[in-house]
file target15.cif (mmCIF, C-alpha atoms and all ligand atoms)
data_query
loop_
_atom_site.label_atom_id
_atom_site.label_comp_id
_atom_site.auth_asym_id
_atom_site.auth_seq_id
_atom_site.Cartn_x
_atom_site.Cartn_y
_atom_site.Cartn_z
CA MET A 1041 -5.08 -7.87 23.86
CA LEU A 1042 -8.50 -7.17 22.42
CA ASP A 1043 -10.35 -4.16 23.76
CA PRO A 1044 -14.05 -4.06 22.85
CA GLY A 1045 -14.84 -0.35 22.97
CA HIS A 1046 -17.18 1.22 25.52
CA GLN A 1047 -19.40 -0.53 28.10
CA ARG A 1048 -23.06 -0.52 29.19
CA ARG A 1049 -22.71 2.71 31.17
CA GLY A 1050 -20.27 5.43 30.15
CA ASN A 1051 -18.23 7.16 32.84
CA ASN A 1052 -17.94 10.91 32.41
CA GLU A 1053 -15.40 11.48 35.18
CA PRO A 1054 -12.37 13.17 33.65
CA GLU A 1055 -8.99 11.51 33.25
CA PRO A 1056 -5.81 12.82 31.60
CA VAL A 1057 -5.64 12.19 27.84
CA GLY A 1058 -2.00 11.15 28.21
CA PRO A 1059 1.09 11.35 30.41
CA ASP A 1060 2.36 14.51 28.63
CA THR A 1061 -0.75 16.63 28.86
CA ARG A 1062 -3.00 18.26 31.42
CA GLU A 1063 -5.92 17.95 29.04
CA THR A 1064 -8.64 15.59 30.23
CA LYS A 1065 -11.40 13.56 28.63
CA ALA A 1066 -14.25 11.39 29.91
CA LYS A 1067 -12.97 8.06 31.26
CA VAL A 1068 -15.12 6.16 28.80
CA SER A 1069 -17.99 7.42 26.65
CA SER A 1070 -21.11 5.43 25.87
CA GLY A 1071 -20.49 5.20 22.11
CA THR A 1072 -22.89 5.41 19.19
CA THR A 1073 -26.09 3.46 18.37
CA GLY A 1074 -27.22 1.64 15.25
CA VAL A 1075 -29.68 3.72 13.26
CA SER A 1076 -31.34 0.56 11.79
CA THR A 1077 -30.55 -2.11 14.37
CA LYS A 1078 -30.95 0.18 17.42
CA LYS A 1079 -28.02 -1.82 18.79
CA PRO A 1080 -25.67 0.07 21.10
CA GLU A 1081 -22.08 0.25 19.87
CA TYR A 1082 -20.75 -1.52 22.98
CA VAL A 1083 -22.84 -4.60 22.06
CA LEU A 1084 -21.58 -4.75 18.46
CA ASN A 1085 -17.98 -4.16 19.61
CA LEU A 1086 -18.11 -7.13 21.99
CA GLU A 1087 -19.85 -9.40 19.44
CA VAL A 1088 -17.12 -8.80 16.88
CA SER A 1089 -14.33 -8.94 19.48
CA LEU A 1090 -15.45 -12.36 20.74
CA LEU A 1091 -15.48 -13.68 17.16
CA LEU A 1092 -12.02 -12.20 16.62
CA ARG A 1093 -10.79 -13.78 19.87
CA ASP A 1094 -12.06 -17.18 18.74
CA GLU A 1095 -10.45 -16.81 15.31
CA LEU A 1096 -7.09 -15.74 16.77
CA GLN A 1097 -7.17 -18.61 19.29
CA ARG A 1098 -7.94 -21.00 16.43
CA ARG A 1099 -4.78 -19.71 14.73
CA GLY A 1100 -2.77 -20.43 17.88
CA PHE A 1101 -2.46 -16.94 19.43
CA GLU A 1102 -2.80 -16.20 23.12
CA VAL A 1103 -5.62 -13.67 23.48
CA ALA A 1104 -6.62 -11.58 26.48
CA MET A 1105 -9.61 -9.25 26.62
CA THR A 1106 -10.17 -6.04 28.55
CA ARG A 1107 -13.83 -7.01 28.95
CA GLU A 1108 -16.08 -9.96 28.15
CA THR A 1109 -19.28 -8.46 29.59
CA HIS A 1110 -20.99 -5.08 29.27
CA ASP A 1111 -21.15 -4.46 33.02
CA VAL A 1112 -17.65 -3.15 33.63
CA ASP A 1113 -16.30 0.25 34.56
CA LEU A 1114 -13.01 0.51 32.72
CA SER A 1115 -11.62 3.83 31.57
CA ASN A 1116 -9.63 4.05 28.36
CA LYS A 1117 -6.49 4.69 30.43
CA GLN A 1118 -7.15 1.58 32.54
CA ARG A 1119 -7.65 -0.48 29.39
CA ALA A 1120 -4.26 0.68 28.07
CA GLU A 1121 -2.67 -0.18 31.42
CA MET A 1122 -4.14 -3.71 31.23
CA SER A 1123 -2.27 -4.18 27.95
CA ASN A 1124 0.92 -2.72 29.40
CA GLU A 1125 0.76 -5.02 32.42
CA ALA A 1126 0.04 -8.03 30.21
CA GLY A 1127 3.01 -7.13 28.00
CA ALA A 1128 0.76 -7.50 24.97
CA ALA A 1129 2.48 -7.89 21.60
CA LEU A 1130 -0.37 -5.82 20.16
CA THR A 1131 -3.58 -4.21 21.40
CA VAL A 1132 -6.52 -4.15 19.01
CA ARG A 1133 -9.35 -1.85 20.02
CA ILE A 1134 -12.66 -2.60 18.30
CA HIS A 1135 -15.13 0.23 17.68
CA ALA A 1136 -17.85 1.32 15.27
CA ASP A 1137 -18.22 4.85 13.96
CA GLY A 1138 -20.92 7.49 13.95
CA ASP A 1139 -21.42 10.57 11.80
CA GLY A 1140 -23.97 13.33 11.28
CA SER A 1141 -24.43 12.25 7.67
CA ALA A 1142 -26.26 8.95 7.07
CA SER A 1143 -24.30 8.38 3.85
CA THR A 1144 -20.86 8.27 5.52
CA ARG A 1145 -19.62 4.69 5.48
CA GLY A 1146 -16.58 2.43 5.54
CA PHE A 1147 -14.01 1.01 7.92
CA SER A 1148 -10.81 2.73 8.99
CA VAL A 1149 -7.86 1.82 11.18
CA LEU A 1150 -6.40 4.33 13.63
CA TYR A 1151 -2.92 4.33 15.17
CA PRO A 1152 -1.08 6.63 17.61
CA SER A 1153 0.53 9.69 16.08
CA PRO A 1154 4.34 9.85 16.14
CA SER A 1155 3.99 13.54 17.08
CA VAL A 1156 2.92 12.66 20.65
CA ALA A 1157 6.01 12.15 22.86
CA ALA A 1158 4.39 9.38 24.92
CA THR A 1159 3.54 7.24 21.90
CA LYS A 1160 6.59 7.99 19.75
CA PRO A 1161 8.23 4.66 20.78
CA ILE A 1162 5.22 2.61 19.60
CA ALA A 1163 4.05 4.75 16.66
CA ALA A 1164 5.96 3.02 13.83
CA GLU A 1165 5.05 -0.52 14.88
CA SER A 1166 1.45 0.50 15.50
CA LYS A 1167 1.23 2.03 12.03
CA GLU A 1168 2.61 -1.15 10.54
CA ALA A 1169 -0.03 -3.23 12.35
CA ALA A 1170 -2.73 -0.75 11.26
CA SER A 1171 -1.70 -0.93 7.61
CA PHE A 1172 -1.69 -4.76 7.67
CA MET A 1173 -5.15 -4.75 9.26
CA LEU A 1174 -6.48 -2.26 6.70
CA ALA A 1175 -5.11 -4.44 3.88
CA GLY A 1176 -6.68 -7.50 5.52
CA LEU A 1177 -10.07 -5.78 5.80
CA GLN A 1178 -9.87 -4.61 2.19
CA ALA A 1179 -9.05 -8.11 0.92
CA ALA A 1180 -11.69 -9.86 3.04
CA THR A 1181 -14.57 -7.47 2.29
CA GLY A 1182 -13.69 -6.28 -1.21
CA GLN A 1183 -14.11 -2.69 0.00
CA LYS A 1184 -11.58 0.11 0.00
CA GLY A 1185 -12.59 1.65 3.32
CA ARG A 1186 -11.50 5.07 4.53
CA GLY A 1187 -7.86 4.32 5.15
CA LEU A 1188 -5.48 4.89 8.06
CA SER A 1189 -5.64 7.74 10.54
CA ALA A 1190 -2.93 8.92 12.97
CA ARG A 1191 -4.47 10.16 16.23
CA GLU A 1192 -3.06 12.35 18.98
CA ASP A 1193 -6.22 12.65 21.04
CA LEU A 1194 -7.09 9.14 22.22
CA SER A 1195 -6.39 8.30 25.88
CA GLY A 1196 -6.39 4.60 25.02
CA PHE A 1197 -3.43 5.25 22.70
CA ASN A 1198 -1.53 7.80 24.74
CA TRP A 1199 -1.27 5.62 27.86
CA SER A 1200 -0.15 2.57 25.90
CA LYS A 1201 3.42 1.31 26.03
CA VAL A 1202 2.71 -1.52 23.58
CA PRO A 1203 1.76 -1.26 19.88
CA VAL A 1204 -1.91 -0.39 19.59
CA VAL A 1205 -4.46 0.11 16.83
CA LEU A 1206 -8.16 0.90 16.77
CA ALA A 1207 -10.39 -0.59 14.08
CA GLU A 1208 -13.51 1.43 13.31
CA ILE A 1209 -15.35 -1.37 11.55
CA GLY A 1210 -18.00 0.84 9.92
CA PHE A 1211 -20.69 3.46 10.53
CA MET A 1212 -23.68 2.62 12.70
CA THR A 1213 -25.21 5.90 11.49
CA ASN A 1214 -25.35 4.50 7.93
CA PRO A 1215 -28.57 2.43 7.69
CA GLU A 1216 -27.16 -0.21 5.31
CA GLU A 1217 -23.75 -0.53 6.91
CA ASP A 1218 -25.32 -0.72 10.36
CA LYS A 1219 -27.46 -3.70 9.26
CA ARG A 1220 -24.55 -5.39 7.51
CA MET A 1221 -22.28 -5.16 10.55
CA SER A 1222 -24.78 -7.30 12.47
CA GLU A 1223 -24.97 -10.00 9.77
CA ALA A 1224 -23.00 -13.16 10.54
CA ASP A 1225 -21.44 -13.39 7.06
CA TYR A 1226 -20.16 -9.83 7.12
CA GLN A 1227 -18.93 -10.11 10.71
CA GLN A 1228 -16.96 -13.16 9.60
CA GLN A 1229 -15.39 -11.18 6.73
CA LEU A 1230 -14.38 -8.40 9.09
CA VAL A 1231 -12.92 -10.90 11.55
CA GLN A 1232 -10.98 -12.78 8.85
CA GLY A 1233 -9.57 -9.54 7.52
CA MET A 1234 -8.49 -8.26 10.92
CA ALA A 1235 -7.07 -11.65 11.94
CA ASP A 1236 -5.06 -11.81 8.69
CA GLY A 1237 -3.58 -8.38 9.41
CA ILE A 1238 -2.82 -9.26 13.04
CA GLU A 1239 -1.21 -12.55 12.03
CA ARG A 1240 0.95 -10.81 9.43
CA PHE A 1241 2.08 -8.25 12.01
CA LEU A 1242 2.85 -10.82 14.70
CA ALA A 1243 4.68 -13.06 12.22
CA GLY A 1244 7.24 -10.28 11.82
CA LYS A 1245 7.92 -10.02 15.60
ZN ZN B 1301 -16.50 3.82 19.84
#

call {"tool": "encode", "arguments": {"input": "target15.cif", "output": "structure tokens"}}
result
Amino acid sequence: MLDPGHQRRGNNEPEPVGPDTRETKAKVSSGTTGVSTKKPEYVLNLEVSLLLRDELQRRGFEVAMTRETHDVDLSNKQRAEMSNEAGAALTVRIHADGDGSASTRGFSVLYPSPSVAATKPIAAESKEAASFMLAGLQAATGQKGRGLSAREDLSGFNWSKVPVVLAEIGFMTNPEEDKRMSEADYQQQLVQGMADGIERFLAGK
């Protein structure tokens, strides 16, 4: 399952962050915006996700998507439930980052923390998939990136019953990286790297 992050209109209604907590978060936020390209994050996320879908299909994988248009209203919990219902072997959430400093740059791959009871059963496999994807991104782009990050606070992780990772492909608040992420050559490198990591993970299943 590929989940292109965000959508045209965010939805600020609260929903529980996970089954074990009373804490709530917005159903789905509107994401960041490219400082150079002025492109909204939800547009970049879908562009890259569609390329990744095509690449994975070319390699023979069955791919489902949480959204293929911008005009949806899907909370992060609902997106996780789509993966659960599909019995996905892996969910890959595609996002781009934002930061207060324009110099912050680089991709990272997030996975659910083993310290959250709800995601304990999927934490180890998710981390494995995340580390393969990080290695794939590093090899395909020649960049080190920012590494792996275990997260306790993401609704899209905490409601998942299947292994799940979230690729932050770079910073839209960094003028150069923002431009690069919209270039066809660089998008292809990102897609190759992620597909290599996904293929390596699924080959072990
Ligand atoms: Zn995002």

call {"tool": "residues_near_ligand", "arguments": {"input": "target15.cif", "ligand": "ligand ZN 1301 (chain B)", "cutoff": "6 Å", "atoms": "all atoms listed in the file", "output": "mmCIF file with C-alpha atoms, in the coordinates of the input"}}
result
data_model
loop_
_atom_site.group_PDB
_atom_site.id
_atom_site.type_symbol
_atom_site.label_atom_id
_atom_site.label_comp_id
_atom_site.auth_asym_id
_atom_site.auth_seq_id
_atom_site.Cartn_x
_atom_site.Cartn_y
_atom_site.Cartn_z
ATOM 1 C CA GLY A 1045 -14.840 -0.350 22.970
ATOM 2 C CA GLY A 1071 -20.490 5.200 22.110
ATOM 3 C CA HIS A 1135 -15.130 0.230 17.680
ATOM 4 C CA ALA A 1136 -17.850 1.320 15.270
#

call {"tool": "residues_around", "arguments": {"input": "target15.cif", "residues": "A:Asn1214", "least_positions_apart": "5", "cutoff": "8 Å", "atoms": "only C-alpha atoms", "output": "list in words"}}
result
Val1075, Ser1141, Ala1142, Ser1143, Thr1144 and Arg1145 of chain A

call {"tool": "closest_residue", "arguments": {"input": "target15.cif", "among": "A:Leu1242, A:Val1149, A:Ala1126, A:Ala1066", "to": "A:Lys1201", "atoms": "all atoms listed in the file"}}
result
A:Ala1126

call {"tool": "atom_distance", "arguments": {"input": "target15.cif", "atom1": "atom CA of A:Arg1048", "atom2": "atom CA of A:His1110"}}
result
5.0 Å

call {"tool": "closest_residue", "arguments": {"input": "target15.cif", "among": "A:Asp1060, A:Glu1165, A:Ser1069, A:Asp1236", "to": "A:Leu1114", "atoms": "only C-alpha atoms"}}
result
A:Ser1069

call {"tool": "atom_distance", "arguments": {"input": "target15.cif", "atom1": "atom CA of A:Pro1154", "atom2": "atom CA of A:Gly1210"}}
result
24.9 Å

call {"tool": "atom_distance", "arguments": {"input": "target15.cif", "atom1": "atom CA of A:Val1204", "atom2": "atom CA of A:Asp1111"}}
result
23.8 Å

call {"tool": "residues_around", "arguments": {"input": "target15.cif", "residues": "A:Gly1187", "least_positions_apart": "2", "cutoff": "7 Å", "atoms": "only C-alpha atoms", "output": "number ranges by chain"}}
result
A: 1148-1149, 1174, 1185, 1189

call {"tool": "closest_residue", "arguments": {"input": "target15.cif", "among": "A:Gln1229, A:Ile1238, A:Glu1192, A:Phe1211", "to": "A:Glu1063", "atoms": "all atoms listed in the file"}}
result
A:Glu1192

call {"tool": "closest_residue", "arguments": {"input": "target15.cif", "among": "A:Tyr1082, A:Gln1097, A:Tyr1226, A:Leu1091", "to": "A:Gln1183", "atoms": "all atoms listed in the file"}}
result
A:Tyr1226

call {"tool": "closest_residue", "arguments": {"input": "target15.cif", "among": "A:Asp1043, A:Ser1076, A:Thr1159, A:Pro1059", "to": "A:Thr1106", "atoms": "all atoms listed in the file"}}
result
A:Asp1043

call {"tool": "closest_residue", "arguments": {"input": "target15.cif", "among": "A:Ile1209, A:Leu1188, A:Met1234, A:Ala1128", "to": "A:Met1221", "atoms": "only C-alpha atoms"}}
result
A:Ile1209

call {"tool": "closest_atom_pairs", "arguments": {"input": "target15.cif", "of": "stretch 1162-1189 of chain A", "to": "stretch 1195-1198 of chain A", "cutoff": "12 Å", "atoms": "all atoms listed in the file", "output": "Markdown table"}}
result
| residue | atom | partner | partner_atom | distance |
| --- | --- | --- | --- | --- |
| A:Ile1162 | CA | A:Phe1197 | CA | 9.6 |
| A:Ala1163 | CA | A:Phe1197 | CA | 9.6 |
| A:Ser1166 | CA | A:Phe1197 | CA | 9.9 |

call {"tool": "build_atoms", "arguments": {"input": "target15.cif", "residues": "stretch 1220-1242 of chain A", "atoms": "N, CA and C atoms", "output": "mmCIF file, in the coordinates of the input"}}
result
data_model
loop_
_atom_site.group_PDB
_atom_site.id
_atom_site.type_symbol
_atom_site.label_atom_id
_atom_site.label_comp_id
_atom_site.auth_asym_id
_atom_site.auth_seq_id
_atom_site.Cartn_x
_atom_site.Cartn_y
_atom_site.Cartn_z
ATOM 1 N N ARG A 1220 -25.563 -4.429 7.974
ATOM 2 C CA ARG A 1220 -24.550 -5.390 7.510
ATOM 3 C C ARG A 1220 -23.615 -5.817 8.634
ATOM 4 N N MET A 1221 -23.238 -4.849 9.482
ATOM 5 C CA MET A 1221 -22.280 -5.160 10.550
ATOM 6 C C MET A 1221 -22.853 -6.123 11.579
ATOM 7 N N SER A 1222 -24.171 -6.330 11.557
ATOM 8 C CA SER A 1222 -24.780 -7.300 12.470
ATOM 9 C C SER A 1222 -25.073 -8.621 11.793
ATOM 10 N N GLU A 1223 -24.750 -8.734 10.486
ATOM 11 C CA GLU A 1223 -24.970 -10.000 9.770
ATOM 12 C C GLU A 1223 -23.766 -10.926 9.972
ATOM 13 N N ALA A 1224 -24.066 -12.198 10.226
ATOM 14 C CA ALA A 1224 -23.000 -13.160 10.540
ATOM 15 C C ALA A 1224 -21.952 -13.238 9.427
ATOM 16 N N ASP A 1225 -22.382 -13.255 8.169
ATOM 17 C CA ASP A 1225 -21.440 -13.390 7.060
ATOM 18 C C ASP A 1225 -20.469 -12.211 7.011
ATOM 19 N N TYR A 1226 -21.020 -11.016 7.189
ATOM 20 C CA TYR A 1226 -20.160 -9.830 7.120
ATOM 21 C C TYR A 1226 -19.245 -9.741 8.345
ATOM 22 N N GLN A 1227 -19.772 -10.096 9.510
ATOM 23 C CA GLN A 1227 -18.930 -10.110 10.710
ATOM 24 C C GLN A 1227 -17.749 -11.055 10.504
ATOM 25 N N GLN A 1228 -18.020 -12.201 9.854
ATOM 26 C CA GLN A 1228 -16.960 -13.160 9.600
ATOM 27 C C GLN A 1228 -15.912 -12.589 8.646
ATOM 28 N N GLN A 1229 -16.356 -11.821 7.641
ATOM 29 C CA GLN A 1229 -15.390 -11.180 6.730
ATOM 30 C C GLN A 1229 -14.515 -10.190 7.478
ATOM 31 N N LEU A 1230 -15.141 -9.395 8.322
ATOM 32 C CA LEU A 1230 -14.380 -8.400 9.090
ATOM 33 C C LEU A 1230 -13.353 -9.102 9.987
ATOM 34 N N VAL A 1231 -13.790 -10.171 10.633
ATOM 35 C CA VAL A 1231 -12.920 -10.900 11.550
ATOM 36 C C VAL A 1231 -11.755 -11.559 10.803
ATOM 37 N N GLN A 1232 -12.052 -12.169 9.658
ATOM 38 C CA GLN A 1232 -10.980 -12.780 8.850
ATOM 39 C C GLN A 1232 -9.961 -11.727 8.444
ATOM 40 N N GLY A 1233 -10.465 -10.599 7.983
ATOM 41 C CA GLY A 1233 -9.570 -9.540 7.520
ATOM 42 C C GLY A 1233 -8.689 -9.012 8.641
ATOM 43 N N MET A 1234 -9.286 -8.777 9.796
ATOM 44 C CA MET A 1234 -8.490 -8.260 10.920
ATOM 45 C C MET A 1234 -7.499 -9.314 11.400
ATOM 46 N N ALA A 1235 -7.958 -10.575 11.480
ATOM 47 C CA ALA A 1235 -7.070 -11.650 11.940
ATOM 48 C C ALA A 1235 -5.891 -11.816 10.966
ATOM 49 N N ASP A 1236 -6.148 -11.701 9.668
ATOM 50 C CA ASP A 1236 -5.060 -11.810 8.690
ATOM 51 C C ASP A 1236 -4.023 -10.710 8.929
ATOM 52 N N GLY A 1237 -4.500 -9.500 9.164
ATOM 53 C CA GLY A 1237 -3.580 -8.380 9.410
ATOM 54 C C GLY A 1237 -2.784 -8.570 10.699
ATOM 55 N N ILE A 1238 -3.475 -9.026 11.749
ATOM 56 C CA ILE A 1238 -2.820 -9.260 13.040
ATOM 57 C C ILE A 1238 -1.769 -10.361 12.900
ATOM 58 N N GLU A 1239 -2.143 -11.427 12.205
ATOM 59 C CA GLU A 1239 -1.210 -12.550 12.030
ATOM 60 C C GLU A 1239 0.029 -12.104 11.260
ATOM 61 N N ARG A 1240 -0.170 -11.300 10.231
ATOM 62 C CA ARG A 1240 0.950 -10.810 9.430
ATOM 63 C C ARG A 1240 1.876 -9.949 10.273
ATOM 64 N N PHE A 1241 1.277 -9.095 11.128
ATOM 65 C CA PHE A 1241 2.080 -8.250 12.010
ATOM 66 C C PHE A 1241 2.873 -9.086 13.011
ATOM 67 N N LEU A 1242 2.196 -10.032 13.652
ATOM 68 C CA LEU A 1242 2.850 -10.820 14.700
ATOM 69 C C LEU A 1242 3.896 -11.780 14.126
#
